Amino acid sequence: MGFKFDKKTILIFLMTLGPGIITSAVDNDAGGITTYSIAGAHFGYSLLWTMIPIAILLIVIQEMGIRMGIATGKGLSDLIRENFKVKITMLLMIGLVLTNLGNVIAEFAGIAASGELFAIPKLILVPLCAIFVWILIVKGNYQSIERAFLVATLFYFCYVAAGIMSNPDWAEVARNVVTPQMAFEAAYITILVGLVGTTIAPWMQFYLQSAVVEKGVKKEQYQFSRIDVIIGSLITVVIMFFIIVATAALHPAGIRIETAGDAARALEPLAGAYATILFGVGLFVASLFAAAILPLSTAYFVCEAFGWNSGVNKTLKEAPEFYGLITFLLGIGALIILLPDIPLVRIMYFSQVLNGLMLPVILIMMLLLVNNKKLMGEHANGQWFNIFSIVSIVVLILLNLTMIGQAIGLIQS
């Protein structure tokens, strides 16, 4: 399809932008930033090669999602409920809710950690942020929320500046980007699964498809939505790249970190105070941004699965279950962070690993749905999409099995 770059085409393109960029950008959340930071600090540049296959996989998966949303006018949970058994849908929803609750807790942990960098107590910052997010979602509509989220994505470029300030060896960086490396050890496999799980999280597929449907993207705007997805996916891997590059500066010194906050503090003597400030600001905005999107995503897929009203364009009276679930997740997530002696690091890190374990299940369901000619018609998957998707699913399953096998071996030893 050729594009005529006249005012009308540009206007339609700008109106279509949003779901792909927001969904991909918010995936660089507190859990994601922590996972990328651990990857850089503990393994240097050696995991940079993953960004190219992850970018391709992210584009392919998200393109299938928007194609299903536009072709059917339904969210992913709707389609799963209608085409799979009730027990499967219920088990999937329980798994996703638990995973997303861990992710929401991780976002408030990120907010608390960023507050510590600027000497703001979490007892003040976390409740204020939870209230702000609740008001934004409940009182706003889709257009106002989308604009706020698009502005928030600009703050992710703080990590680009932080990465440059770390004074990396660019020749070594380039070599690691194009040279795949593999180490069959527990820590490496776990971080590899975590990188995939945090960059291509299960919740993204539900939120993206629901957002496309609620935005009302039409079939004739499909090509613009594809561009939206590609731009969002590239932004995601660029931010991932610069976070790993920035924190790889800690690797030669043997500095071990457990959180993104640790990474920000450790960078100061190596890259300067400004790098720490940029890292902290990026962590705060990313965590706040995701603390809004994750409850939204959860409410979308649960309400769709049970046939309840959903959507930010509806009122509290019109969609009580939708807003009730959002309120519950925000309240529990904020409350847990305020409790003493909570193992936040384990929650943040393993929520991303759990994402990686859930991902193949979601992808198999998506693949079955997107190949259903009765649902998709001419928009069903082509051969190359299927080949790439099947290979990706097999690789993810093998990685998961390897990680589980190593974990069992460690327990038994």
# chains A, B, ... in the order shown; residues from 1 in each chain; ligands from 1

call {"tool": "closest_atom_pairs", "arguments": {"of": "stretch 70-90 of chain A", "to": "stretch 219-243 of chain A", "cutoff": "10 Å", "atoms": "only C-alpha atoms", "output": "tab-separated table"}}
result
residue	atom	partner	partner_atom	distance
A:Ile70	CA	A:Lys219	CA	5.8
A:Ala71	CA	A:Lys219	CA	6.7
A:Thr72	CA	A:Lys219	CA	9.8
A:Gly73	CA	A:Lys219	CA	9.7

call {"tool": "residues_around", "arguments": {"residues": "stretch 148-162 of chain A", "least_positions_apart": "5", "cutoff": "8 Å", "atoms": "only C-alpha atoms", "output": "mmCIF file with N, CA and C atoms, in the first residue's frame"}}
result
data_model
loop_
_atom_site.group_PDB
_atom_site.id
_atom_site.type_symbol
_atom_site.label_atom_id
_atom_site.label_comp_id
_atom_site.auth_asym_id
_atom_site.auth_seq_id
_atom_site.Cartn_x
_atom_site.Cartn_y
_atom_site.Cartn_z
ATOM 1 N N GLY A 18 -0.685 5.687 18.922
ATOM 2 C CA GLY A 18 -0.984 5.648 20.349
ATOM 3 C C GLY A 18 -0.880 4.274 20.956
ATOM 4 N N ILE A 21 2.684 2.501 20.496
ATOM 5 C CA ILE A 21 3.765 3.211 21.180
ATOM 6 C C ILE A 21 3.611 3.093 22.693
ATOM 7 N N ILE A 22 2.387 3.319 23.195
ATOM 8 C CA ILE A 22 2.155 3.267 24.636
ATOM 9 C C ILE A 22 2.404 1.861 25.175
ATOM 10 N N ALA A 25 6.192 1.086 25.027
ATOM 11 C CA ALA A 25 6.998 1.949 25.891
ATOM 12 C C ALA A 25 6.808 1.617 27.363
ATOM 13 N N VAL A 26 5.550 1.368 27.758
ATOM 14 C CA VAL A 26 5.285 1.101 29.173
ATOM 15 C C VAL A 26 5.899 -0.219 29.625
ATOM 16 N N ILE A 239 15.515 1.757 24.299
ATOM 17 C CA ILE A 239 15.641 2.044 25.737
ATOM 18 C C ILE A 239 16.301 0.878 26.455
ATOM 19 N N PHE A 242 20.081 1.067 25.832
ATOM 20 C CA PHE A 242 20.831 2.093 26.567
ATOM 21 C C PHE A 242 20.876 1.828 28.071
ATOM 22 N N ILE A 243 19.845 1.162 28.610
ATOM 23 C CA ILE A 243 19.900 0.800 30.031
ATOM 24 C C ILE A 243 20.990 -0.248 30.258
ATOM 25 N N ALA A 246 24.350 1.489 29.888
ATOM 26 C CA ALA A 246 24.656 2.331 31.053
ATOM 27 C C ALA A 246 25.124 1.489 32.231
ATOM 28 N N ALA A 271 29.748 7.625 36.182
ATOM 29 C CA ALA A 271 29.197 8.427 35.082
ATOM 30 C C ALA A 271 28.753 9.813 35.513
ATOM 31 N N TYR A 274 24.683 13.556 37.205
ATOM 32 C CA TYR A 274 23.585 13.747 36.247
ATOM 33 C C TYR A 274 23.049 12.406 35.728
ATOM 34 N N ALA A 275 23.930 11.442 35.553
ATOM 35 C CA ALA A 275 23.492 10.125 35.092
ATOM 36 C C ALA A 275 22.567 9.482 36.133
ATOM 37 N N THR A 276 22.917 9.649 37.411
ATOM 38 C CA THR A 276 22.081 9.118 38.491
ATOM 39 C C THR A 276 20.720 9.797 38.503
ATOM 40 N N LEU A 278 19.179 11.325 35.971
ATOM 41 C CA LEU A 278 18.428 10.900 34.785
ATOM 42 C C LEU A 278 17.866 9.498 34.966
ATOM 43 N N PHE A 279 18.679 8.612 35.528
ATOM 44 C CA PHE A 279 18.236 7.235 35.771
ATOM 45 C C PHE A 279 17.062 7.234 36.744
ATOM 46 N N VAL A 281 14.911 9.798 37.458
ATOM 47 C CA VAL A 281 13.719 10.407 36.848
ATOM 48 C C VAL A 281 13.045 9.420 35.903
ATOM 49 N N GLY A 282 13.867 8.739 35.095
ATOM 50 C CA GLY A 282 13.316 7.739 34.178
ATOM 51 C C GLY A 282 12.602 6.629 34.924
ATOM 52 N N VAL A 285 9.100 8.016 36.332
ATOM 53 C CA VAL A 285 8.067 8.190 35.305
ATOM 54 C C VAL A 285 7.634 6.837 34.742
ATOM 55 N N ALA A 286 8.607 5.945 34.503
ATOM 56 C CA ALA A 286 8.280 4.622 33.968
ATOM 57 C C ALA A 286 7.403 3.840 34.942
ATOM 58 N N PHE A 289 3.871 5.475 35.114
ATOM 59 C CA PHE A 289 3.227 5.179 33.837
ATOM 60 C C PHE A 289 2.672 3.749 33.840
#

call {"tool": "atom_distance", "arguments": {"atom1": "atom CA of A:Leu92", "atom2": "atom CA of A:Leu363"}}
result
12.4 Å

call {"tool": "atom_distance", "arguments": {"atom1": "atom CA of A:Arg67", "atom2": "atom CA of A:Leu296"}}
result
20.9 Å

call {"tool": "closest_residue", "arguments": {"among": "A:Thr315, A:Ser287, A:Ser310, A:Asn371", "to": "A:Ile111", "atoms": "only C-alpha atoms"}}
result
A:Ser287

call {"tool": "closest_residue", "arguments": {"among": "A:Leu288, A:Leu250, A:Ala201, A:Ala264", "to": "A:Ala334", "atoms": "only C-alpha atoms"}}
result
A:Leu288

call {"tool": "decode", "arguments": {"residues": "stretch 141-156 of chain A", "atoms": "N, CA and C atoms", "output": "PDB file, in the first residue's frame"}}
result
ATOM      1  N   ASN A 141     -10.908  10.256  30.067  1.00  0.00           N
ATOM      2  CA  ASN A 141     -11.459   9.414  29.008  1.00  0.00           C
ATOM      3  C   ASN A 141     -10.290   8.869  28.197  1.00  0.00           C
ATOM      4  N   TYR A 142     -10.581   8.058  27.183  1.00  0.00           N
ATOM      5  CA  TYR A 142      -9.498   7.409  26.450  1.00  0.00           C
ATOM      6  C   TYR A 142      -8.546   8.429  25.836  1.00  0.00           C
ATOM      7  N   GLN A 143      -9.091   9.495  25.260  1.00  0.00           N
ATOM      8  CA  GLN A 143      -8.252  10.486  24.574  1.00  0.00           C
ATOM      9  C   GLN A 143      -7.311  11.197  25.548  1.00  0.00           C
ATOM     10  N   SER A 144      -7.837  11.631  26.701  1.00  0.00           N
ATOM     11  CA  SER A 144      -6.997  12.363  27.660  1.00  0.00           C
ATOM     12  C   SER A 144      -5.932  11.459  28.271  1.00  0.00           C
ATOM     13  N   ILE A 145      -6.304  10.205  28.576  1.00  0.00           N
ATOM     14  CA  ILE A 145      -5.339   9.259  29.147  1.00  0.00           C
ATOM     15  C   ILE A 145      -4.243   8.937  28.133  1.00  0.00           C
ATOM     16  N   GLU A 146      -4.643   8.746  26.874  1.00  0.00           N
ATOM     17  CA  GLU A 146      -3.661   8.430  25.832  1.00  0.00           C
ATOM     18  C   GLU A 146      -2.668   9.575  25.656  1.00  0.00           C
ATOM     19  N   ARG A 147      -3.155  10.820  25.669  1.00  0.00           N
ATOM     20  CA  ARG A 147      -2.252  11.979  25.526  1.00  0.00           C
ATOM     21  C   ARG A 147      -1.252  12.028  26.684  1.00  0.00           C
ATOM     22  N   ALA A 148      -1.748  11.779  27.904  1.00  0.00           N
ATOM     23  CA  ALA A 148      -0.860  11.797  29.076  1.00  0.00           C
ATOM     24  C   ALA A 148       0.214  10.728  28.952  1.00  0.00           C
ATOM     25  N   PHE A 149      -0.170   9.551  28.491  1.00  0.00           N
ATOM     26  CA  PHE A 149       0.781   8.449  28.355  1.00  0.00           C
ATOM     27  C   PHE A 149       1.797   8.726  27.251  1.00  0.00           C
ATOM     28  N   LEU A 150       1.356   9.321  26.146  1.00  0.00           N
ATOM     29  CA  LEU A 150       2.287   9.629  25.050  1.00  0.00           C
ATOM     30  C   LEU A 150       3.342  10.645  25.495  1.00  0.00           C
ATOM     31  N   VAL A 151       2.924  11.642  26.297  1.00  0.00           N
ATOM     32  CA  VAL A 151       3.885  12.619  26.830  1.00  0.00           C
ATOM     33  C   VAL A 151       4.877  11.915  27.757  1.00  0.00           C
ATOM     34  N   ALA A 152       4.364  10.982  28.568  1.00  0.00           N
ATOM     35  CA  ALA A 152       5.225  10.264  29.517  1.00  0.00           C
ATOM     36  C   ALA A 152       6.313   9.467  28.804  1.00  0.00           C
ATOM     37  N   THR A 153       6.039   8.973  27.595  1.00  0.00           N
ATOM     38  CA  THR A 153       7.044   8.172  26.876  1.00  0.00           C
ATOM     39  C   THR A 153       8.317   8.978  26.584  1.00  0.00           C
ATOM     40  N   LEU A 154       8.199  10.302  26.492  1.00  0.00           N
ATOM     41  CA  LEU A 154       9.366  11.132  26.204  1.00  0.00           C
ATOM     42  C   LEU A 154      10.425  11.019  27.296  1.00  0.00           C
ATOM     43  N   PHE A 155       9.977  10.767  28.544  1.00  0.00           N
ATOM     44  CA  PHE A 155      10.917  10.691  29.656  1.00  0.00           C
ATOM     45  C   PHE A 155      11.815   9.454  29.592  1.00  0.00           C
ATOM     46  N   TYR A 156      11.426   8.470  28.790  1.00  0.00           N
ATOM     47  CA  TYR A 156      12.257   7.277  28.662  1.00  0.00           C
ATOM     48  C   TYR A 156      13.616   7.609  28.045  1.00  0.00           C
TER      49      TYR A 156
END
